[in-house]
file coords-v2.pdb (PDB, C-alpha atoms and all ligand atoms)
ATOM      1  CA  MET A   1       0.499 324.731 203.122  1.00  0.00           C
ATOM      2  CA  LEU A   2      -1.786 327.577 202.112  1.00  0.00           C
ATOM      3  CA  ILE A   3      -5.564 327.553 201.698  1.00  0.00           C
ATOM      4  CA  ARG A   4      -6.418 330.048 198.939  1.00  0.00           C
ATOM      5  CA  THR A   5      -9.085 330.659 196.334  1.00  0.00           C
ATOM      6  CA  ALA A   6      -8.673 328.626 193.152  1.00  0.00           C
ATOM      7  CA  LEU A   7      -7.197 330.116 190.004  1.00  0.00           C
ATOM      8  CA  ILE A   8      -7.845 329.073 186.407  1.00  0.00           C
ATOM      9  CA  SER A   9      -4.212 327.954 186.319  1.00  0.00           C
ATOM     10  CA  ASP A  10      -5.081 325.298 188.954  1.00  0.00           C
ATOM     11  CA  SER A  11      -7.228 323.441 186.387  1.00  0.00           C
ATOM     12  CA  HIS A  12      -4.760 320.643 185.764  1.00  0.00           C
ATOM     13  CA  GLU A  13      -4.233 319.895 189.454  1.00  0.00           C
ATOM     14  CA  ILE A  14      -7.938 320.184 190.287  1.00  0.00           C
ATOM     15  CA  SER A  15      -8.635 317.725 187.456  1.00  0.00           C
ATOM     16  CA  ARG A  16      -6.056 315.308 188.791  1.00  0.00           C
ATOM     17  CA  LEU A  17      -7.662 315.379 192.250  1.00  0.00           C
ATOM     18  CA  SER A  18     -11.167 315.093 190.793  1.00  0.00           C
ATOM     19  CA  GLY A  19     -10.038 311.882 189.121  1.00  0.00           C
ATOM     20  CA  GLU A  20      -9.586 310.454 192.632  1.00  0.00           C
ATOM     21  CA  LEU A  21     -13.263 311.168 193.303  1.00  0.00           C
ATOM     22  CA  GLY A  22     -14.230 309.430 190.073  1.00  0.00           C
ATOM     23  CA  TYR A  23     -14.983 312.677 188.217  1.00  0.00           C
ATOM     24  CA  ALA A  24     -12.033 312.906 185.852  1.00  0.00           C
ATOM     25  CA  ALA A  25     -12.181 315.857 183.449  1.00  0.00           C
ATOM     26  CA  GLU A  26      -9.910 317.308 180.815  1.00  0.00           C
ATOM     27  CA  ALA A  27      -7.946 320.272 182.161  1.00  0.00           C
ATOM     28  CA  SER A  28      -9.521 322.420 179.436  1.00  0.00           C
ATOM     29  CA  GLN A  29     -13.031 321.456 180.594  1.00  0.00           C
ATOM     30  CA  MET A  30     -12.007 322.190 184.171  1.00  0.00           C
ATOM     31  CA  ALA A  31     -10.644 325.597 183.160  1.00  0.00           C
ATOM     32  CA  GLU A  32     -14.004 326.424 181.589  1.00  0.00           C
ATOM     33  CA  ARG A  33     -15.862 325.380 184.755  1.00  0.00           C
ATOM     34  CA  LEU A  34     -13.525 327.369 186.976  1.00  0.00           C
ATOM     35  CA  ARG A  35     -13.917 330.406 184.737  1.00  0.00           C
ATOM     36  CA  ASP A  36     -17.708 330.158 185.164  1.00  0.00           C
ATOM     37  CA  LEU A  37     -17.499 329.592 188.917  1.00  0.00           C
ATOM     38  CA  THR A  38     -15.007 332.317 189.725  1.00  0.00           C
ATOM     39  CA  GLU A  39     -17.309 334.834 188.020  1.00  0.00           C
ATOM     40  CA  GLN A  40     -20.152 333.925 190.393  1.00  0.00           C
ATOM     41  CA  ARG A  41     -20.149 335.550 193.826  1.00  0.00           C
ATOM     42  CA  ASP A  42     -22.359 332.774 195.164  1.00  0.00           C
ATOM     43  CA  ASN A  43     -19.720 330.103 194.550  1.00  0.00           C
ATOM     44  CA  ILE A  44     -16.342 329.563 196.140  1.00  0.00           C
ATOM     45  CA  VAL A  45     -13.559 327.139 195.286  1.00  0.00           C
ATOM     46  CA  TYR A  46     -10.652 326.866 197.716  1.00  0.00           C
ATOM     47  CA  VAL A  47      -7.499 324.844 197.189  1.00  0.00           C
ATOM     48  CA  ALA A  48      -4.841 323.568 199.585  1.00  0.00           C
ATOM     49  CA  ASP A  49      -1.547 324.565 197.969  1.00  0.00           C
ATOM     50  CA  SER A  50       1.713 322.950 199.152  1.00  0.00           C
ATOM     51  CA  GLY A  51       3.795 325.260 196.972  1.00  0.00           C
ATOM     52  CA  ASN A  52       4.496 322.755 194.218  1.00  0.00           C
ATOM     53  CA  GLN A  53       1.209 320.851 194.032  1.00  0.00           C
ATOM     54  CA  LEU A  54      -2.378 321.000 195.189  1.00  0.00           C
ATOM     55  CA  LEU A  55      -3.280 318.713 198.089  1.00  0.00           C
ATOM     56  CA  GLY A  56      -7.034 319.247 197.953  1.00  0.00           C
ATOM     57  CA  TRP A  57      -9.951 321.392 196.850  1.00  0.00           C
ATOM     58  CA  ILE A  58     -13.448 322.287 198.021  1.00  0.00           C
ATOM     59  CA  HIS A  59     -16.355 323.868 196.157  1.00  0.00           C
ATOM     60  CA  ALA A  60     -19.317 325.428 197.951  1.00  0.00           C
ATOM     61  CA  GLN A  61     -22.271 327.411 196.684  1.00  0.00           C
ATOM     62  CA  VAL A  62     -25.211 329.383 197.974  1.00  0.00           C
ATOM     63  CA  ARG A  63     -28.425 327.436 197.410  1.00  0.00           C
ATOM     64  CA  VAL A  64     -31.624 329.380 196.841  1.00  0.00           C
ATOM     65  CA  LEU A  65     -34.730 327.227 197.097  1.00  0.00           C
ATOM     66  CA  VAL A  66     -38.425 328.038 196.993  1.00  0.00           C
ATOM     67  CA  GLU A  67     -39.134 325.938 200.065  1.00  0.00           C
ATOM     68  CA  ALA A  68     -36.307 326.913 202.425  1.00  0.00           C
ATOM     69  CA  PRO A  69     -34.155 329.871 203.449  1.00  0.00           C
ATOM     70  CA  ARG A  70     -30.862 330.277 201.590  1.00  0.00           C
ATOM     71  CA  PHE A  71     -27.984 328.142 202.832  1.00  0.00           C
ATOM     72  CA  VAL A  72     -24.478 327.135 201.742  1.00  0.00           C
ATOM     73  CA  GLU A  73     -23.900 323.663 200.325  1.00  0.00           C
ATOM     74  CA  ILE A  74     -20.540 321.974 199.908  1.00  0.00           C
ATOM     75  CA  THR A  75     -20.811 320.419 196.464  1.00  0.00           C
ATOM     76  CA  GLY A  76     -17.359 318.835 196.228  1.00  0.00           C
ATOM     77  CA  LEU A  77     -14.357 318.096 198.419  1.00  0.00           C
ATOM     78  CA  VAL A  78     -11.312 315.947 197.855  1.00  0.00           C
ATOM     79  CA  VAL A  79      -7.923 315.606 199.528  1.00  0.00           C
ATOM     80  CA  ASP A  80      -4.996 313.947 197.755  1.00  0.00           C
ATOM     81  CA  SER A  81      -5.020 310.273 198.762  1.00  0.00           C
ATOM     82  CA  ALA A  82      -1.339 310.540 199.745  1.00  0.00           C
ATOM     83  CA  HIS A  83      -2.144 313.329 202.219  1.00  0.00           C
ATOM     84  CA  ARG A  84      -5.343 312.256 203.953  1.00  0.00           C
ATOM     85  CA  GLY A  85      -5.474 312.359 207.733  1.00  0.00           C
ATOM     86  CA  GLU A  86      -3.224 315.440 207.872  1.00  0.00           C
ATOM     87  CA  GLY A  87      -5.949 317.944 208.696  1.00  0.00           C
ATOM     88  CA  ILE A  88      -6.290 319.319 205.152  1.00  0.00           C
ATOM     89  CA  GLY A  89      -9.992 318.495 204.794  1.00  0.00           C
ATOM     90  CA  ARG A  90     -10.651 320.127 208.160  1.00  0.00           C
ATOM     91  CA  GLN A  91      -8.869 323.315 207.031  1.00  0.00           C
ATOM     92  CA  LEU A  92     -10.775 323.438 203.729  1.00  0.00           C
ATOM     93  CA  ILE A  93     -14.073 323.146 205.609  1.00  0.00           C
ATOM     94  CA  ALA A  94     -12.978 325.771 208.170  1.00  0.00           C
ATOM     95  CA  GLN A  95     -12.167 328.274 205.410  1.00  0.00           C
ATOM     96  CA  THR A  96     -15.523 327.589 203.780  1.00  0.00           C
ATOM     97  CA  GLU A  97     -17.238 328.188 207.128  1.00  0.00           C
ATOM     98  CA  VAL A  98     -15.516 331.572 207.364  1.00  0.00           C
ATOM     99  CA  TRP A  99     -16.681 332.456 203.830  1.00  0.00           C
ATOM    100  CA  ALA A 100     -20.252 331.409 204.632  1.00  0.00           C
ATOM    101  CA  ALA A 101     -20.333 333.173 208.018  1.00  0.00           C
ATOM    102  CA  GLN A 102     -18.967 336.382 206.511  1.00  0.00           C
ATOM    103  CA  SER A 103     -21.847 336.275 204.026  1.00  0.00           C
ATOM    104  CA  GLY A 104     -24.327 335.956 206.903  1.00  0.00           C
ATOM    105  CA  PHE A 105     -25.099 332.243 206.646  1.00  0.00           C
ATOM    106  CA  THR A 106     -25.574 330.095 209.711  1.00  0.00           C
ATOM    107  CA  LYS A 107     -25.735 326.645 208.126  1.00  0.00           C
ATOM    108  CA  LEU A 108     -23.553 324.461 205.909  1.00  0.00           C
ATOM    109  CA  ARG A 109     -24.978 321.406 204.177  1.00  0.00           C
ATOM    110  CA  VAL A 110     -23.283 318.558 202.342  1.00  0.00           C
ATOM    111  CA  ARG A 111     -24.704 315.533 200.518  1.00  0.00           C
ATOM    112  CA  THR A 112     -22.527 312.451 200.372  1.00  0.00           C
ATOM    113  CA  ASN A 113     -22.886 309.257 198.418  1.00  0.00           C
ATOM    114  CA  GLN A 114     -24.023 306.486 200.778  1.00  0.00           C
ATOM    115  CA  LYS A 115     -21.089 304.378 199.617  1.00  0.00           C
ATOM    116  CA  ARG A 116     -18.688 306.972 201.100  1.00  0.00           C
ATOM    117  CA  SER A 117     -19.048 305.928 204.736  1.00  0.00           C
ATOM    118  CA  ASP A 118     -15.558 307.354 205.436  1.00  0.00           C
ATOM    119  CA  ALA A 119     -16.726 310.773 204.356  1.00  0.00           C
ATOM    120  CA  VAL A 120     -19.736 310.585 206.687  1.00  0.00           C
ATOM    121  CA  GLN A 121     -17.418 309.867 209.624  1.00  0.00           C
ATOM    122  CA  PHE A 122     -15.230 312.806 208.608  1.00  0.00           C
ATOM    123  CA  TYR A 123     -18.230 315.150 208.433  1.00  0.00           C
ATOM    124  CA  ASN A 124     -19.601 313.859 211.748  1.00  0.00           C
ATOM    125  CA  ARG A 125     -16.222 314.548 213.340  1.00  0.00           C
ATOM    126  CA  LEU A 126     -16.489 318.142 212.107  1.00  0.00           C
ATOM    127  CA  GLY A 127     -19.946 318.619 213.610  1.00  0.00           C
ATOM    128  CA  PHE A 128     -22.221 317.797 210.658  1.00  0.00           C
ATOM    129  CA  VAL A 129     -25.272 315.726 211.612  1.00  0.00           C
ATOM    130  CA  LEU A 130     -27.412 313.504 209.409  1.00  0.00           C
ATOM    131  CA  VAL A 131     -30.785 315.133 208.711  1.00  0.00           C
ATOM    132  CA  LYS A 132     -32.156 312.969 205.889  1.00  0.00           C
ATOM    133  CA  SER A 133     -31.312 310.453 203.148  1.00  0.00           C
ATOM    134  CA  GLN A 134     -32.365 310.928 199.537  1.00  0.00           C
ATOM    135  CA  HIS A 135     -32.537 309.187 196.181  1.00  0.00           C
ATOM    136  CA  ILE A 136     -31.017 311.041 193.206  1.00  0.00           C
ATOM    137  CA  LEU A 137     -32.768 310.372 189.889  1.00  0.00           C
ATOM    138  CA  ASP A 138     -31.661 311.494 186.421  1.00  0.00           C
ATOM    139  CA  LYS A 139     -33.550 311.518 183.125  1.00  0.00           C
ATOM    140  CA  SER A 140     -31.792 311.882 179.797  1.00  0.00           C
ATOM    141  CA  ILE A 141     -33.579 314.363 177.542  1.00  0.00           C
ATOM    142  CA  GLU A 142     -33.184 314.886 173.793  1.00  0.00           C
TER     143      GLU A 142
HETATM  144  C1  LIG B 201     -13.111 312.869 203.370  1.00  0.00           C
HETATM  145  C2  LIG B 201     -11.782 313.634 203.160  1.00  0.00           C
HETATM  146  C3  LIG B 201     -12.064 314.928 202.432  1.00  0.00           C
HETATM  147  C4  LIG B 201     -11.188 313.934 204.559  1.00  0.00           C
HETATM  148  O1  LIG B 201     -10.044 314.764 204.380  1.00  0.00           O
HETATM  149  P1  LIG B 201      -8.754 314.606 205.318  1.00  0.00           P
HETATM  150  O2  LIG B 201      -7.836 315.713 205.027  1.00  0.00           O
HETATM  151  O3  LIG B 201      -8.225 313.240 205.200  1.00  0.00           O
HETATM  152  O4  LIG B 201      -9.390 314.774 206.785  1.00  0.00           O
HETATM  153  P2  LIG B 201      -8.702 315.469 208.043  1.00  0.00           P
HETATM  154  O5  LIG B 201      -7.310 314.932 208.181  1.00  0.00           O
HETATM  155  O6  LIG B 201      -8.849 316.943 207.961  1.00  0.00           O
HETATM  156  O7  LIG B 201      -9.595 314.905 209.216  1.00  0.00           O
HETATM  157  C5  LIG B 201     -10.403 315.743 210.046  1.00  0.00           C
HETATM  158  C6  LIG B 201     -10.983 314.888 211.140  1.00  0.00           C
HETATM  159  O8  LIG B 201     -11.833 313.883 210.564  1.00  0.00           O
HETATM  160  C7  LIG B 201     -11.371 312.594 210.965  1.00  0.00           C
HETATM  161  N1  LIG B 201     -11.460 311.702 209.803  1.00  0.00           N
HETATM  162  C8  LIG B 201     -10.978 311.914 208.579  1.00  0.00           C
HETATM  163  N2  LIG B 201     -11.235 310.854 207.783  1.00  0.00           N
HETATM  164  C9  LIG B 201     -11.875 309.971 208.573  1.00  0.00           C
HETATM  165  C10 LIG B 201     -12.376 308.658 208.358  1.00  0.00           C
HETATM  166  N3  LIG B 201     -12.265 308.065 207.165  1.00  0.00           N
HETATM  167  N4  LIG B 201     -12.979 308.022 209.378  1.00  0.00           N
HETATM  168  C11 LIG B 201     -13.090 308.600 210.586  1.00  0.00           C
HETATM  169  N5  LIG B 201     -12.616 309.852 210.874  1.00  0.00           N
HETATM  170  C12 LIG B 201     -12.020 310.500 209.866  1.00  0.00           C
HETATM  171  C13 LIG B 201      -9.922 312.770 211.328  1.00  0.00           C
HETATM  172  O9  LIG B 201      -9.516 311.784 212.265  1.00  0.00           O
HETATM  173  C14 LIG B 201      -9.903 314.150 211.910  1.00  0.00           C
HETATM  174  O10 LIG B 201     -10.310 314.146 213.256  1.00  0.00           O
HETATM  175  P3  LIG B 201      -9.489 314.969 214.371  1.00  0.00           P
HETATM  176  O11 LIG B 201      -8.990 316.239 213.712  1.00  0.00           O
HETATM  177  O12 LIG B 201     -10.489 315.242 215.412  1.00  0.00           O
HETATM  178  O13 LIG B 201      -8.387 314.066 214.755  1.00  0.00           O
HETATM  179  C15 LIG B 201     -10.751 312.765 202.392  1.00  0.00           C
HETATM  180  O14 LIG B 201     -10.602 311.523 203.027  1.00  0.00           O
HETATM  181  C16 LIG B 201     -11.127 312.504 200.952  1.00  0.00           C
HETATM  182  O15 LIG B 201     -10.788 313.281 200.051  1.00  0.00           O
HETATM  183  N6  LIG B 201     -11.855 311.393 200.684  1.00  0.00           N
HETATM  184  C17 LIG B 201     -12.257 311.019 199.333  1.00  0.00           C
HETATM  185  C18 LIG B 201     -13.244 311.982 198.738  1.00  0.00           C
HETATM  186  C19 LIG B 201     -14.493 312.170 199.577  1.00  0.00           C
HETATM  187  O16 LIG B 201     -15.039 311.242 200.152  1.00  0.00           O
HETATM  188  N7  LIG B 201     -14.955 313.437 199.609  1.00  0.00           N
HETATM  189  C20 LIG B 201     -16.147 313.834 200.287  1.00  0.00           C
HETATM  190  C21 LIG B 201     -17.274 313.695 199.323  1.00  0.00           C
HETATM  191  S1  LIG B 201     -18.553 314.810 199.709  1.00  0.00           S
END
call {"tool": "encode", "arguments": {"input": "coords-v2.pdb", "output": "structure tokens"}}
result
Amino acid sequence: MLIRTALISDSHEISRLSGELGYAAEASQMAERLRDLTEQRDNIVYVADSGNQLLGWIHAQVRVLVEAPRFVEITGLVVDSAHRGEGIGRQLIAQTEVWAAQSGFTKLRVRTNQKRSDAVQFYNRLGFVLVKSQHILDKSIE
């Protein structure tokens, strides 16, 4: 299995895996998103490629905030449900750490839905520690 940067041609497989997270998207929509992301130096999408299918993906981005120094946030991660517990998530995080460290960052952050207690255990195992809990609020605008 190879961890490599995502290509537009991965759209269909990335969509399939996103469906497992509950964020299904048309492959064409995914291709558009990947096209946007791959043009931005401050974003990275890695995939775990078995040779004939993708086993997982991760997306991370540099966050620039008024109130804090820049840091890297993992904004999405999923491993194929048939291949969990095989070290793929760990490898995707490790590659993202290399990318962040090479860009001079010293911190990775991730936000997880409170209902994903499994994910919290995974992140804890990899050295992430809980720093705060938040509410996320949306407002529809015309
Ligand atoms: C969370 C997820 C990415 C983990 O990926 P994975 O490939 O199964 O994890 P790994 O096999 O690399 O596990 C790495 C370590 O975490 C531990 N771990 C993984 N899942 C765990 C769980 N549910 N509970 C406790 N520990 C867990 C493993 O035991 C392993 O520890 P070790 O290497 O010290 O033995 C995967 O389960 C997944 O895609 N879940 C659904 C989507 C999701 O929750 N994404 C995160 C949202 S931000």
call {"tool": "closest_residue", "arguments": {"input": "coords-v2.pdb", "among": "A:Glu97, A:Asp49, A:Asp42, A:Asp118", "to": "ligand LIG 201 (chain B)", "atoms": "all atoms listed in the file"}}
result
A:Asp118
call {"tool": "atom_distance", "arguments": {"input": "coords-v2.pdb", "atom1": "atom CA of Val120 of chain A", "atom2": "atom CA of Val98 of chain A"}}
result
21.4 Å
call {"tool": "atom_distance", "arguments": {"input": "coords-v2.pdb", "atom1": "atom CA of Gln61 of chain A", "atom2": "atom CA of Glu73 of chain A"}}
result
5.5 Å
call {"tool": "resolve_selection", "arguments": {"input": "coords-v2.pdb", "expression": "the PyMOL selection byres (((chain A and resi 32) around 12) and not hetatm)", "output": "PyMOL selection string"}}
result
chain A and resi 7-12+15+25-31+33-39
call {"tool": "axis_aligned_box", "arguments": {"input": "coords-v2.pdb", "around": "segment 22-36 of chain A", "padding_each_side": "3 Å", "output": "AutoDock Vina command-line options"}}
result
--center_x -12.8 --center_y 319.9 --center_z 184.8 --size_x 15.8 --size_y 27.0 --size_z 16.6
call {"tool": "closest_residue", "arguments": {"input": "coords-v2.pdb", "among": "A:His59, A:Lys115, A:Arg109, A:His83", "to": "Leu130 of chain A", "atoms": "only C-alpha atoms"}}
result
A:Arg109
call {"tool": "atom_distance", "arguments": {"input": "coords-v2.pdb", "atom1": "atom C15 of ligand LIG 201 (chain B)", "atom2": "atom CA of Gly127 of chain A"}}
result
15.6 Å
call {"tool": "closest_residue", "arguments": {"input": "coords-v2.pdb", "among": "A:Lys132, A:Lys107, A:Arg84, A:Arg16", "to": "ligand LIG 201 (chain B)", "atoms": "only C-alpha atoms and all ligand atoms"}}
result
A:Arg84
call {"tool": "residues_near_ligand", "arguments": {"input": "coords-v2.pdb", "ligand": "ligand LIG 201 (chain B)", "cutoff": "6 Å", "atoms": "only C-alpha atoms and all ligand atoms", "output": "number ranges by chain"}}
result
A: 21, 76-79, 84-90, 112, 116, 118-119, 121-122, 125
call {"tool": "write_last_selection", "arguments": {"input": "coords-v2.pdb", "atoms": "C-alpha atoms", "output": "short mmCIF file (atom, residue, chain, number, x, y, z; two decimals), in the coordinates of the input"}}
result
data_model
loop_
_atom_site.label_atom_id
_atom_site.label_comp_id
_atom_site.auth_asym_id
_atom_site.auth_seq_id
_atom_site.Cartn_x
_atom_site.Cartn_y
_atom_site.Cartn_z
CA LEU A 21 -13.26 311.17 193.30
CA GLY A 76 -17.36 318.83 196.23
CA LEU A 77 -14.36 318.10 198.42
CA VAL A 78 -11.31 315.95 197.86
CA VAL A 79 -7.92 315.61 199.53
CA ARG A 84 -5.34 312.26 203.95
CA GLY A 85 -5.47 312.36 207.73
CA GLU A 86 -3.22 315.44 207.87
CA GLY A 87 -5.95 317.94 208.70
CA ILE A 88 -6.29 319.32 205.15
CA GLY A 89 -9.99 318.50 204.79
CA ARG A 90 -10.65 320.13 208.16
CA THR A 112 -22.53 312.45 200.37
CA ARG A 116 -18.69 306.97 201.10
CA ASP A 118 -15.56 307.35 205.44
CA ALA A 119 -16.73 310.77 204.36
CA GLN A 121 -17.42 309.87 209.62
CA PHE A 122 -15.23 312.81 208.61
CA ARG A 125 -16.22 314.55 213.34
#
